[in-house]
>>> print(open('coords-v1.pdb').read())   # PDB, C-alpha atoms
ATOM      1  CA  MET A   1     133.798  52.226  57.230
ATOM      2  CA  GLY A   2     134.818  53.954  54.021
ATOM      3  CA  ALA A   3     135.830  57.613  53.790
ATOM      4  CA  LEU A   4     132.502  58.606  52.208
ATOM      5  CA  HIS A   5     130.574  56.827  54.965
ATOM      6  CA  ARG A   6     132.667  58.601  57.588
ATOM      7  CA  VAL A   7     131.889  62.007  56.043
ATOM      8  CA  VAL A   8     128.155  61.248  55.872
ATOM      9  CA  ALA A   9     128.120  60.025  59.503
ATOM     10  CA  ALA A  10     130.004  63.104  60.709
ATOM     11  CA  THR A  11     127.633  65.381  58.826
ATOM     12  CA  ALA A  12     124.633  63.645  60.410
ATOM     13  CA  LEU A  13     126.096  64.196  63.864
ATOM     14  CA  VAL A  14     126.613  67.901  63.184
ATOM     15  CA  VAL A  15     123.024  68.273  61.917
ATOM     16  CA  ALA A  16     121.686  66.384  64.940
ATOM     17  CA  ALA A  17     123.659  68.579  67.316
ATOM     18  CA  ALA A  18     122.450  71.754  65.623
ATOM     19  CA  THR A  19     118.857  70.524  65.740
ATOM     20  CA  ALA A  20     119.164  69.738  69.440
ATOM     21  CA  SER A  21     120.576  73.201  70.177
ATOM     22  CA  THR A  22     117.608  74.956  68.546
ATOM     23  CA  SER A  23     114.842  72.562  69.523
ATOM     24  CA  GLY A  24     115.934  71.642  73.044
ATOM     25  CA  ALA A  25     116.153  68.172  74.521
ATOM     26  CA  ALA A  26     113.679  66.285  76.669
ATOM     27  CA  GLY A  27     114.548  66.428  80.350
ATOM     28  CA  ALA A  28     113.745  64.101  83.180
ATOM     29  CA  ASP A  29     110.733  66.205  84.160
ATOM     30  CA  GLY A  30     108.967  66.451  80.820
ATOM     31  CA  PRO A  31     109.155  67.185  77.117
ATOM     32  CA  ALA A  32     111.676  69.418  75.490
ATOM     33  CA  VAL A  33     111.194  73.187  75.561
ATOM     34  CA  ALA A  34     112.420  75.177  72.588
ATOM     35  CA  THR A  35     115.137  77.602  73.607
ATOM     36  CA  GLY A  36     113.565  80.265  71.440
ATOM     37  CA  SER A  37     110.183  80.125  73.207
ATOM     38  CA  ALA A  38     108.990  83.061  75.329
ATOM     39  CA  PRO A  39     109.612  82.794  79.081
ATOM     40  CA  PRO A  40     106.540  82.246  81.255
ATOM     41  CA  PRO A  41     104.870  85.334  82.739
ATOM     42  CA  VAL A  42     105.533  86.455  86.298
ATOM     43  CA  ARG A  43     102.603  86.245  88.705
ATOM     44  CA  ALA A  44     102.280  89.189  91.096
ATOM     45  CA  VAL A  45      99.752  90.874  93.346
ATOM     46  CA  VAL A  46      99.484  94.647  92.995
ATOM     47  CA  ALA A  47      97.351  96.824  95.269
ATOM     48  CA  THR A  48      96.331 100.385  96.019
ATOM     49  CA  TYR A  49      95.410 101.696  99.458
ATOM     50  CA  ASN A  50      94.578 105.203 100.635
ATOM     51  CA  ILE A  51      95.935 104.989 104.177
ATOM     52  CA  HIS A  52      94.331 108.208 105.493
ATOM     53  CA  ALA A  53      97.689 109.259 106.989
ATOM     54  CA  GLY A  54      97.649 106.176 109.216
ATOM     55  CA  ALA A  55      94.264 106.920 110.785
ATOM     56  CA  GLY A  56      91.311 104.565 110.640
ATOM     57  CA  SER A  57      87.653 105.239 109.975
ATOM     58  CA  ASP A  58      87.532 106.215 113.642
ATOM     59  CA  ASP A  59      90.147 108.961 112.953
ATOM     60  CA  VAL A  60      92.515 107.334 115.451
ATOM     61  CA  TYR A  61      96.139 107.202 114.311
ATOM     62  CA  ASP A  62      97.346 103.605 114.578
ATOM     63  CA  LEU A  63     100.142 102.654 112.195
ATOM     64  CA  ASP A  64     100.294  99.106 113.539
ATOM     65  CA  ARG A  65      96.696  98.679 112.389
ATOM     66  CA  THR A  66      97.562 100.162 108.984
ATOM     67  CA  ALA A  67     100.482  97.752 108.668
ATOM     68  CA  ALA A  68      98.277  94.790 109.581
ATOM     69  CA  ALA A  69      95.779  95.718 106.872
ATOM     70  CA  ILE A  70      98.557  95.979 104.282
ATOM     71  CA  ARG A  71     100.129  92.703 105.399
ATOM     72  CA  ALA A  72      96.783  90.956 104.931
ATOM     73  CA  LEU A  73      96.817  91.948 101.235
ATOM     74  CA  ASP A  74      99.878  89.706 100.699
ATOM     75  CA  ALA A  75     100.846  91.994  97.820
ATOM     76  CA  ASP A  76     104.113  92.353  95.951
ATOM     77  CA  VAL A  77     103.663  96.090  95.479
ATOM     78  CA  VAL A  78     101.253  98.458  97.228
ATOM     79  CA  GLY A  79     100.579 102.034  96.189
ATOM     80  CA  LEU A  80      99.799 104.311  99.135
ATOM     81  CA  GLU A  81      97.861 107.556  99.007
ATOM     82  CA  GLU A  82      97.667 110.196 101.763
ATOM     83  CA  ALA A  83     101.075 109.322 103.161
ATOM     84  CA  ASP A  84     102.576 111.655 105.787
ATOM     85  CA  VAL A  85     106.323 112.104 106.201
ATOM     86  CA  HIS A  86     106.959 114.234 109.322
ATOM     87  CA  TRP A  87     103.830 116.134 108.304
ATOM     88  CA  GLY A  88     102.111 117.001 111.556
ATOM     89  CA  GLU A  89     100.421 116.110 114.799
ATOM     90  CA  ARG A  90      97.791 113.920 113.147
ATOM     91  CA  SER A  91     100.479 111.309 112.406
ATOM     92  CA  HIS A  92     102.744 112.190 115.367
ATOM     93  CA  PHE A  93     105.229 113.750 112.893
ATOM     94  CA  ASP A  94     106.207 110.175 111.949
ATOM     95  CA  ASP A  95     107.691 109.158 108.623
ATOM     96  CA  THR A  96     104.782 106.828 107.920
ATOM     97  CA  VAL A  97     106.335 105.510 104.707
ATOM     98  CA  ALA A  98     109.620 104.451 106.312
ATOM     99  CA  GLU A  99     107.788 103.065 109.352
ATOM    100  CA  LEU A 100     105.456 100.935 107.228
ATOM    101  CA  GLY A 101     108.416  99.696 105.193
ATOM    102  CA  ARG A 102     110.203  98.696 108.388
ATOM    103  CA  ARG A 103     107.188  96.950 109.887
ATOM    104  CA  LEU A 104     106.453  95.039 106.687
ATOM    105  CA  GLY A 105     110.021  94.381 105.537
ATOM    106  CA  MET A 106     109.371  96.094 102.192
ATOM    107  CA  ARG A 107     111.302  98.573 100.078
ATOM    108  CA  THR A 108     109.852 102.069  99.821
ATOM    109  CA  ALA A 109     109.582 105.000  97.443
ATOM    110  CA  PHE A 110     107.943 108.355  98.160
ATOM    111  CA  ALA A 111     106.735 111.219  95.972
ATOM    112  CA  PRO A 112     105.734 114.318  97.934
ATOM    113  CA  ILE A 113     102.917 116.499  96.686
ATOM    114  CA  TYR A 114     103.786 119.100  99.332
ATOM    115  CA  SER A 115     107.166 119.711 100.950
ATOM    116  CA  LEU A 116     107.068 122.468 103.568
ATOM    117  CA  ASP A 117     109.577 123.979 105.954
ATOM    118  CA  PRO A 118     109.609 122.401 109.434
ATOM    119  CA  LEU A 119     107.820 124.071 112.312
ATOM    120  CA  THR A 120     111.067 124.194 114.312
ATOM    121  CA  PRO A 121     114.575 124.826 112.953
ATOM    122  CA  GLY A 122     116.554 121.678 112.276
ATOM    123  CA  ALA A 123     113.530 119.367 112.130
ATOM    124  CA  PRO A 124     112.845 117.362 108.959
ATOM    125  CA  ARG A 125     110.763 118.910 106.204
ATOM    126  CA  ARG A 126     107.032 118.354 106.460
ATOM    127  CA  GLU A 127     105.886 116.281 103.481
ATOM    128  CA  PHE A 128     102.669 114.710 102.231
ATOM    129  CA  GLY A 129     102.135 112.627  99.114
ATOM    130  CA  VAL A 130     101.982 109.157  97.608
ATOM    131  CA  ALA A 131     104.269 106.194  98.135
ATOM    132  CA  LEU A 132     105.067 102.645  97.122
ATOM    133  CA  LEU A 133     105.882  99.560  99.158
ATOM    134  CA  SER A 134     107.614  96.749  97.260
ATOM    135  CA  ARG A 135     108.890  93.268  98.035
ATOM    136  CA  HIS A 136     111.091  93.547  94.944
ATOM    137  CA  PRO A 137     114.004  95.772  93.915
ATOM    138  CA  ILE A 138     113.091  99.324  92.954
ATOM    139  CA  VAL A 139     115.335 100.164  90.009
ATOM    140  CA  ALA A 140     114.413 103.833  89.540
ATOM    141  CA  VAL A 141     112.051 106.438  90.983
ATOM    142  CA  GLU A 142     110.678 109.650  89.486
ATOM    143  CA  ASN A 143     108.261 112.221  90.882
ATOM    144  CA  HIS A 144     106.260 113.583  87.947
ATOM    145  CA  ASP A 145     104.197 116.761  87.861
ATOM    146  CA  LEU A 146     100.440 116.752  87.334
ATOM    147  CA  THR A 147      98.122 119.729  87.089
ATOM    148  CA  ARG A 148      96.884 120.442  90.629
ATOM    149  CA  LEU A 149      94.857 122.857  92.711
ATOM    150  CA  SER A 150      96.925 123.279  95.860
ATOM    151  CA  THR A 151      95.215 122.741  99.200
ATOM    152  CA  GLN A 152      97.959 124.860 100.818
ATOM    153  CA  ASP A 153      97.143 128.006  98.824
ATOM    154  CA  PRO A 154      94.031 129.986  99.832
ATOM    155  CA  ASN A 155      93.517 131.075  96.219
ATOM    156  CA  PRO A 156      94.788 128.183  94.106
ATOM    157  CA  VAL A 157      94.867 128.067  90.337
ATOM    158  CA  PRO A 158      95.553 124.935  88.254
ATOM    159  CA  ALA A 159      99.313 124.556  87.894
ATOM    160  CA  PRO A 160     101.877 121.753  87.502
ATOM    161  CA  ALA A 161     102.894 120.268  90.848
ATOM    162  CA  PRO A 162     104.653 117.049  91.911
ATOM    163  CA  GLY A 163     103.187 113.937  93.458
ATOM    164  CA  PHE A 164     102.770 111.439  90.612
ATOM    165  CA  LEU A 165     105.119 108.581  91.506
ATOM    166  CA  GLU A 166     106.754 106.334  88.935
ATOM    167  CA  ALA A 167     108.802 103.432  90.272
ATOM    168  CA  THR A 168     110.489 100.954  87.968
ATOM    169  CA  VAL A 169     110.297  97.647  89.832
ATOM    170  CA  GLN A 170     112.112  94.423  88.953
ATOM    171  CA  ILE A 171     109.619  91.659  89.744
ATOM    172  CA  GLY A 172     111.475  88.484  88.868
ATOM    173  CA  GLY A 173     112.234  88.721  85.159
ATOM    174  CA  ALA A 174     109.598  91.396  84.581
ATOM    175  CA  ARG A 175     110.630  95.033  84.685
ATOM    176  CA  THR A 176     107.450  96.937  85.483
ATOM    177  CA  HIS A 177     106.620 100.645  85.581
ATOM    178  CA  VAL A 178     104.416 101.137  88.651
ATOM    179  CA  TYR A 179     102.650 104.485  88.995
ATOM    180  CA  VAL A 180     100.896 105.787  92.111
ATOM    181  CA  THR A 181      98.492 108.707  91.880
ATOM    182  CA  HIS A 182      95.924 110.691  93.832
ATOM    183  CA  LEU A 183      93.613 112.784  91.683
ATOM    184  CA  ASP A 184      91.724 115.925  92.646
ATOM    185  CA  TYR A 185      88.869 115.415  95.112
ATOM    186  CA  ARG A 186      86.624 118.319  94.137
ATOM    187  CA  GLY A 187      83.193 117.886  92.631
ATOM    188  CA  ASP A 188      84.136 119.856  89.516
ATOM    189  CA  PRO A 189      85.880 117.327  87.218
ATOM    190  CA  THR A 190      87.943 119.909  85.330
ATOM    191  CA  VAL A 191      91.212 119.375  87.195
ATOM    192  CA  ARG A 192      90.845 115.577  87.105
ATOM    193  CA  ARG A 193      90.390 115.778  83.339
ATOM    194  CA  LEU A 194      93.624 117.769  83.054
ATOM    195  CA  GLN A 195      95.378 115.294  85.355
ATOM    196  CA  VAL A 196      94.275 112.375  83.187
ATOM    197  CA  ALA A 197      95.706 114.078  80.099
ATOM    198  CA  ASP A 198      98.995 114.647  81.969
ATOM    199  CA  THR A 199      99.007 111.004  83.093
ATOM    200  CA  VAL A 200      98.540 109.632  79.592
ATOM    201  CA  ALA A 201     101.346 111.850  78.265
ATOM    202  CA  ILE A 202     103.706 110.512  80.954
ATOM    203  CA  LEU A 203     102.706 106.894  80.302
ATOM    204  CA  ASP A 204     103.476 107.441  76.626
ATOM    205  CA  GLU A 205     107.107 108.209  77.505
ATOM    206  CA  ASP A 206     107.759 104.561  78.454
ATOM    207  CA  PRO A 207     109.244 102.183  75.856
ATOM    208  CA  PRO A 208     106.738 100.519  73.522
ATOM    209  CA  GLY A 209     105.329  97.355  75.093
ATOM    210  CA  ALA A 210     106.447  98.249  78.625
ATOM    211  CA  ASP A 211     104.479  96.707  81.486
ATOM    212  CA  GLN A 212     102.609  99.544  83.220
ATOM    213  CA  VAL A 213     100.532  99.421  86.408
ATOM    214  CA  LEU A 214      98.624 102.457  87.688
ATOM    215  CA  LEU A 215      97.530 102.424  91.344
ATOM    216  CA  GLY A 216      95.535 105.173  92.939
ATOM    217  CA  ASP A 217      92.668 107.021  94.494
ATOM    218  CA  LEU A 218      91.106 108.650  91.433
ATOM    219  CA  ASN A 219      88.264 110.342  93.304
ATOM    220  CA  ALA A 220      85.936 109.340  90.476
ATOM    221  CA  ASP A 221      84.262 106.157  89.360
ATOM    222  CA  ALA A 222      85.923 104.300  86.507
ATOM    223  CA  SER A 223      82.999 105.235  84.263
ATOM    224  CA  ALA A 224      83.308 108.978  84.949
ATOM    225  CA  PRO A 225      83.710 110.999  81.714
ATOM    226  CA  GLU A 226      86.847 112.749  82.950
ATOM    227  CA  LEU A 227      88.643 109.388  83.281
ATOM    228  CA  ALA A 228      87.852 108.285  79.714
ATOM    229  CA  GLY A 229      91.325 109.218  78.492
ATOM    230  CA  LEU A 230      92.909 106.639  80.802
ATOM    231  CA  TRP A 231      91.062 103.816  79.096
ATOM    232  CA  THR A 232      92.653 104.672  75.752
ATOM    233  CA  ARG A 233      95.945 103.539  77.320
ATOM    234  CA  LEU A 234      95.078 101.184  80.205
ATOM    235  CA  ARG A 235      92.472  98.657  81.340
ATOM    236  CA  ASP A 236      90.511  98.743  84.581
ATOM    237  CA  ALA A 237      91.698  95.597  86.392
ATOM    238  CA  TRP A 238      88.419  95.185  88.261
ATOM    239  CA  ALA A 239      86.376  95.304  85.059
ATOM    240  CA  VAL A 240      88.484  92.720  83.197
ATOM    241  CA  ALA A 241      89.214  90.289  86.073
ATOM    242  CA  PRO A 242      87.536  86.902  85.414
ATOM    243  CA  THR A 243      87.026  86.369  89.165
ATOM    244  CA  ARG A 244      86.425  88.962  91.872
ATOM    245  CA  ASP A 245      85.946  89.079  95.649
ATOM    246  CA  GLY A 246      83.953  91.910  97.128
ATOM    247  CA  GLU A 247      81.475  92.674  94.355
ATOM    248  CA  PRO A 248      80.696  95.302  93.194
ATOM    249  CA  GLY A 249      84.159  96.557  94.171
ATOM    250  CA  LEU A 250      83.102  99.640  96.135
ATOM    251  CA  THR A 251      85.896 101.243  98.166
ATOM    252  CA  TYR A 252      84.648 104.390  99.904
ATOM    253  CA  PRO A 253      83.755 104.919 102.689
ATOM    254  CA  ALA A 254      85.449 101.820 104.048
ATOM    255  CA  LEU A 255      82.822 100.528 106.479
ATOM    256  CA  ASP A 256      79.799 100.983 104.224
ATOM    257  CA  PRO A 257      81.153 101.773 100.757
ATOM    258  CA  THR A 258      79.040 103.453  98.095
ATOM    259  CA  LYS A 259      81.697 104.517  95.570
ATOM    260  CA  ARG A 260      84.357 102.739  93.472
ATOM    261  CA  ILE A 261      87.040 105.407  93.355
ATOM    262  CA  ASP A 262      90.190 103.395  94.195
ATOM    263  CA  LEU A 263      91.450 101.599  91.099
ATOM    264  CA  VAL A 264      94.158  99.332  89.724
ATOM    265  CA  ALA A 265      94.766  99.783  85.997
ATOM    266  CA  VAL A 266      97.146  97.856  83.749
ATOM    267  CA  SER A 267      98.596  98.116  80.261
ATOM    268  CA  PRO A 268      97.073  95.862  77.563
ATOM    269  CA  GLY A 269      99.862  93.266  77.691
ATOM    270  CA  ILE A 270      99.207  92.429  81.357
ATOM    271  CA  GLU A 271      96.692  89.671  82.056
ATOM    272  CA  VAL A 272      94.489  90.127  85.123
ATOM    273  CA  VAL A 273      93.696  86.870  86.940
ATOM    274  CA  HIS A 274      91.731  88.071  89.976
ATOM    275  CA  ALA A 275      90.648  91.256  91.769
ATOM    276  CA  SER A 276      89.490  91.879  95.312
ATOM    277  CA  THR A 277      88.221  94.521  97.705
ATOM    278  CA  ALA A 278      87.417  91.954 100.392
ATOM    279  CA  HIS A 279      88.730  92.687 103.894
ATOM    280  CA  ASP A 280      88.973  90.941 107.202
ATOM    281  CA  PRO A 281      86.159  92.682 109.131
ATOM    282  CA  ALA A 282      88.612  93.407 111.925
ATOM    283  CA  LEU A 283      90.791  95.404 109.505
ATOM    284  CA  ALA A 284      88.194  97.074 107.287
ATOM    285  CA  GLY A 285      88.288 100.201 109.423
ATOM    286  CA  ALA A 286      92.066 100.608 109.296
ATOM    287  CA  SER A 287      91.487 103.500 106.874
ATOM    288  CA  ASP A 288      88.517 105.405 105.519
ATOM    289  CA  HIS A 289      89.080 103.636 102.161
ATOM    290  CA  ARG A 290      89.216  99.979 101.242
ATOM    291  CA  ALA A 291      92.223  98.598  99.444
ATOM    292  CA  VAL A 292      91.959  97.109  95.958
ATOM    293  CA  ALA A 293      94.230  94.211  94.994
ATOM    294  CA  ALA A 294      94.682  92.486  91.644
ATOM    295  CA  THR A 295      96.598  89.338  90.740
ATOM    296  CA  VAL A 296      98.311  89.872  87.395
ATOM    297  CA  LEU A 297     100.627  88.094  84.965
ATOM    298  CA  LEU A 298     103.555  90.275  83.921
ATOM    299  CA  ASP A 299     105.453  89.791  80.697
ATOM    300  CA  GLN A 300     109.084  88.817  81.242
ATOM    301  CA  GLY A 301     111.507  90.759  79.093
ATOM    302  CA  SER A 302     108.944  93.331  77.927
ATOM    303  CA  GLU A 303     111.773  95.850  77.939
ATOM    304  CA  THR A 304     115.516  95.719  78.344
ATOM    305  CA  SER A 305     117.263  97.119  81.381
ATOM    306  CA  ARG A 306     117.808 100.859  81.304
TER     307      ARG A 306
END
>>> encode(input="coords-v1.pdb", output="structure tokens")
Amino acid sequence: MGALHRVVAATALVVAAATASTSGAAGADGPAVATGSAPPPVRAVVATYNIHAGAGSDDVYDLDRTAAAIRALDADVVGLEEADVHWGERSHFDDTVAELGRRLGMRTAFAPIYSLDPLTPGAPRREFGVALLSRHPIVAVENHDLTRLSTQDPNPVPAPAPGFLEATVQIGGARTHVYVTHLDYRGDPTVRRLQVADTVAILDEDPPGADQVLLGDLNADASAPELAGLWTRLRDAWAVAPTRDGEPGLTYPALDPTKRIDLVAVSPGIEVVHASTAHDPALAGASDHRAVAATVLLDQGSETSR
């Protein structure tokens, strides 16, 4: 082979190698995948459940029953509302969050709405709020303030108070901001409207394109006027799910529901595959609310590690 032919052949090999490095090569299991293509989404089940402080519709405290109902959801993350941590007699002064985490083998995060002095010196503080159970690593936790009317003050006025949980969860390759909330229960929607405005402002602090999941007891139907601000930022998972179990998705009261007040909401980049409020009849009365679960596809690499 002449010198010119050797140069041409060497050049062809370099070009071929460069092409292979950018285009990928076919493997034994199928066609080539371009190295620059986006990674596949991460499938996960997210759920919300107002656990009624561990008491069922019969008002009997039974945390084993609560755990069984949560286990049946087979969820990756579960937002809990009405969670007691050494709160009082109704839950035997148990740390219900830690106990559920232990029973289910899940990581936990807790955001107290109220944190009161113990009844006896040296005992743990009495706390009540919202929580998260997760099968996946919890990277960071923050307890945000929302406008609230305290149930511990005989003459409350709307004021910022904690109890809006944000947990950054690493679900496979998808870093996801999971929020758990419990909005005001009163018939007057004024405080809920203020809470929605606070919520949207907090969601806006996340990086552009971040995966966001909101789980909670909103004490209002998704169509309620005071919740309208949420839908400028999020989507109601039940409304957009192509398949659903438990139509029409009513969640309260648990045994004969008439209201859809427990919701899963997701940011626009998250695809919802399925939603459910269906329960094993034996577990439907584990709380006075039904759980809502949604199967979603999370975007891998939607934000870098922080």
>>> closest_residue(input="coords-v1.pdb", among="A:His52, A:Arg235, A:Arg192, A:His279", to="Leu255 in chain A", atoms="all atoms listed in the file")
A:His279
>>> residues_around(input="coords-v1.pdb", residues="range 60-71 of chain A", least_positions_apart="2", cutoff="10 Å", atoms="only C-alpha atoms", output="JSON, numbers by chain")
{"A": [47, 48, 49, 51, 52, 53, 54, 55, 56, 57, 58, 73, 74, 75, 78, 80, 89, 90, 91, 92, 94, 96, 99, 100, 101, 102, 103, 104, 133, 279, 280, 282, 283, 284, 285, 286, 287, 290, 291]}
>>> write_last_selection(input="coords-v1.pdb", atoms="C-alpha atoms", output="compact mmCIF listing (two decimals), keeping the file's coordinate frame")
# COMPACT_ATOMS: atom_id res chain seq x y z
CA ALA A 47 97.35 96.82 95.27
CA THR A 48 96.33 100.38 96.02
CA TYR A 49 95.41 101.70 99.46
CA ILE A 51 95.94 104.99 104.18
CA HIS A 52 94.33 108.21 105.49
CA ALA A 53 97.69 109.26 106.99
CA GLY A 54 97.65 106.18 109.22
CA ALA A 55 94.26 106.92 110.78
CA GLY A 56 91.31 104.56 110.64
CA SER A 57 87.65 105.24 109.98
CA ASP A 58 87.53 106.22 113.64
CA LEU A 73 96.82 91.95 101.24
CA ASP A 74 99.88 89.71 100.70
CA ALA A 75 100.85 91.99 97.82
CA VAL A 78 101.25 98.46 97.23
CA LEU A 80 99.80 104.31 99.14
CA GLU A 89 100.42 116.11 114.80
CA ARG A 90 97.79 113.92 113.15
CA SER A 91 100.48 111.31 112.41
CA HIS A 92 102.74 112.19 115.37
CA ASP A 94 106.21 110.18 111.95
CA THR A 96 104.78 106.83 107.92
CA GLU A 99 107.79 103.06 109.35
CA LEU A 100 105.46 100.94 107.23
CA GLY A 101 108.42 99.70 105.19
CA ARG A 102 110.20 98.70 108.39
CA ARG A 103 107.19 96.95 109.89
CA LEU A 104 106.45 95.04 106.69
CA LEU A 133 105.88 99.56 99.16
CA HIS A 279 88.73 92.69 103.89
CA ASP A 280 88.97 90.94 107.20
CA ALA A 282 88.61 93.41 111.92
CA LEU A 283 90.79 95.40 109.50
CA ALA A 284 88.19 97.07 107.29
CA GLY A 285 88.29 100.20 109.42
CA ALA A 286 92.07 100.61 109.30
CA SER A 287 91.49 103.50 106.87
CA ARG A 290 89.22 99.98 101.24
CA ALA A 291 92.22 98.60 99.44
>>> resolve_selection(input="coords-v1.pdb", expression="the PyMOL selection byres ((chain A and resi 251) around 8)", output="PyMOL selection string")
chain A and resi 249-250+252-254+257-262+277+289-292
>>> atom_distance(input="coords-v1.pdb", atom1="CA of Glu247 in chain A", atom2="CA of Ala72 in chain A")
18.7 Å
>>> atom_distance(input="coords-v1.pdb", atom1="CA of Val178 in chain A", atom2="CA of Ser134 in chain A")
10.2 Å
>>> residues_around(input="coords-v1.pdb", residues="range 216-229 of chain A", least_positions_apart="6", cutoff="7 Å", atoms="only C-alpha atoms", output="count of residues only")
21
>>> closest_atom_pairs(input="coords-v1.pdb", of="range 107-140 of chain A", to="range 148-167 of chain A", cutoff="12 Å", atoms="all atoms listed in the file", output="JSON lines")
{"residue": "A:Arg107", "atom": "CA", "partner": "A:Ala167", "partner_atom": "CA", "distance": 11.2}
{"residue": "A:Thr108", "atom": "CA", "partner": "A:Ala167", "partner_atom": "CA", "distance": 9.7}
{"residue": "A:Ala109", "atom": "CA", "partner": "A:Ala167", "partner_atom": "CA", "distance": 7.4}
{"residue": "A:Phe110", "atom": "CA", "partner": "A:Leu165", "partner_atom": "CA", "distance": 7.2}
{"residue": "A:Ala111", "atom": "CA", "partner": "A:Gly163", "partner_atom": "CA", "distance": 5.1}
{"residue": "A:Pro112", "atom": "CA", "partner": "A:Gly163", "partner_atom": "CA", "distance": 5.2}
{"residue": "A:Ile113", "atom": "CA", "partner": "A:Gly163", "partner_atom": "CA", "distance": 4.1}
{"residue": "A:Tyr114", "atom": "CA", "partner": "A:Pro162", "partner_atom": "CA", "distance": 7.7}
{"residue": "A:Ser115", "atom": "CA", "partner": "A:Pro162", "partner_atom": "CA", "distance": 9.8}
{"residue": "A:Leu116", "atom": "CA", "partner": "A:Gln152", "partner_atom": "CA", "distance": 9.8}
{"residue": "A:Glu127", "atom": "CA", "partner": "A:Gly163", "partner_atom": "CA", "distance": 10.6}
{"residue": "A:Phe128", "atom": "CA", "partner": "A:Gly163", "partner_atom": "CA", "distance": 8.8}
{"residue": "A:Gly129", "atom": "CA", "partner": "A:Gly163", "partner_atom": "CA", "distance": 5.9}
{"residue": "A:Val130", "atom": "CA", "partner": "A:Gly163", "partner_atom": "CA", "distance": 6.4}
{"residue": "A:Ala131", "atom": "CA", "partner": "A:Leu165", "partner_atom": "CA", "distance": 7.1}
{"residue": "A:Leu132", "atom": "CA", "partner": "A:Ala167", "partner_atom": "CA", "distance": 7.8}
{"residue": "A:Leu133", "atom": "CA", "partner": "A:Ala167", "partner_atom": "CA", "distance": 10.1}
{"residue": "A:Ser134", "atom": "CA", "partner": "A:Ala167", "partner_atom": "CA", "distance": 9.7}
{"residue": "A:His136", "atom": "CA", "partner": "A:Ala167", "partner_atom": "CA", "distance": 11.2}
{"residue": "A:Pro137", "atom": "CA", "partner": "A:Ala167", "partner_atom": "CA", "distance": 10.0}
{"residue": "A:Ile138", "atom": "CA", "partner": "A:Ala167", "partner_atom": "CA", "distance": 6.5}
{"residue": "A:Val139", "atom": "CA", "partner": "A:Ala167", "partner_atom": "CA", "distance": 7.3}
{"residue": "A:Ala140", "atom": "CA", "partner": "A:Ala167", "partner_atom": "CA", "distance": 5.7}
>>> axis_aligned_box(input="coords-v1.pdb", around="range 154-163 of chain A", padding_each_side="8 Å", output="JSON")
{"center_x": 99.1, "center_y": 122.5, "center_z": 93.7, "size_x": 27.1, "size_y": 33.1, "size_z": 28.3}
>>> resolve_selection(input="coords-v1.pdb", expression="the PyMOL selection byres ((chain A and resi 208-211) around 9)", output="PyMOL selection string")
chain A and resi 174-178+204-207+212-213+266-270+298-299+302-303
>>> atom_distance(input="coords-v1.pdb", atom1="CA of Ala83 in chain A", atom2="CA of Arg126 in chain A")
11.3 Å
>>> closest_residue(input="coords-v1.pdb", among="A:Pro281, A:Pro124, A:Gly187, A:Pro248", to="His86 in chain A", atoms="only C-alpha atoms")
A:Pro124
>>> resolve_selection(input="coords-v1.pdb", expression="the PyMOL selection byres ((chain A and resi 40) around 9)", output="number ranges by chain")
A: 38-39, 41-42, 298-300
>>> closest_residue(input="coords-v1.pdb", among="A:Val77, A:Trp231, A:Val45, A:Leu146", to="Val191 in chain A", atoms="only C-alpha atoms")
A:Leu146
>>> closest_residue(input="coords-v1.pdb", among="A:Leu214, A:Leu203, A:Ala294, A:Leu194", to="Trp238 in chain A", atoms="all atoms listed in the file")
A:Ala294
>>> residues_around(input="coords-v1.pdb", residues="Thr295 in chain A", least_positions_apart="3", cutoff="9 Å", atoms="all atoms listed in the file", output="PyMOL selection string")
chain A and resi 43-47+75+241+271-276
>>> closest_residue(input="coords-v1.pdb", among="A:Gly172, A:Glu82, A:Gly246, A:Thr147", to="Asp288 in chain A", atoms="all atoms listed in the file")
A:Glu82
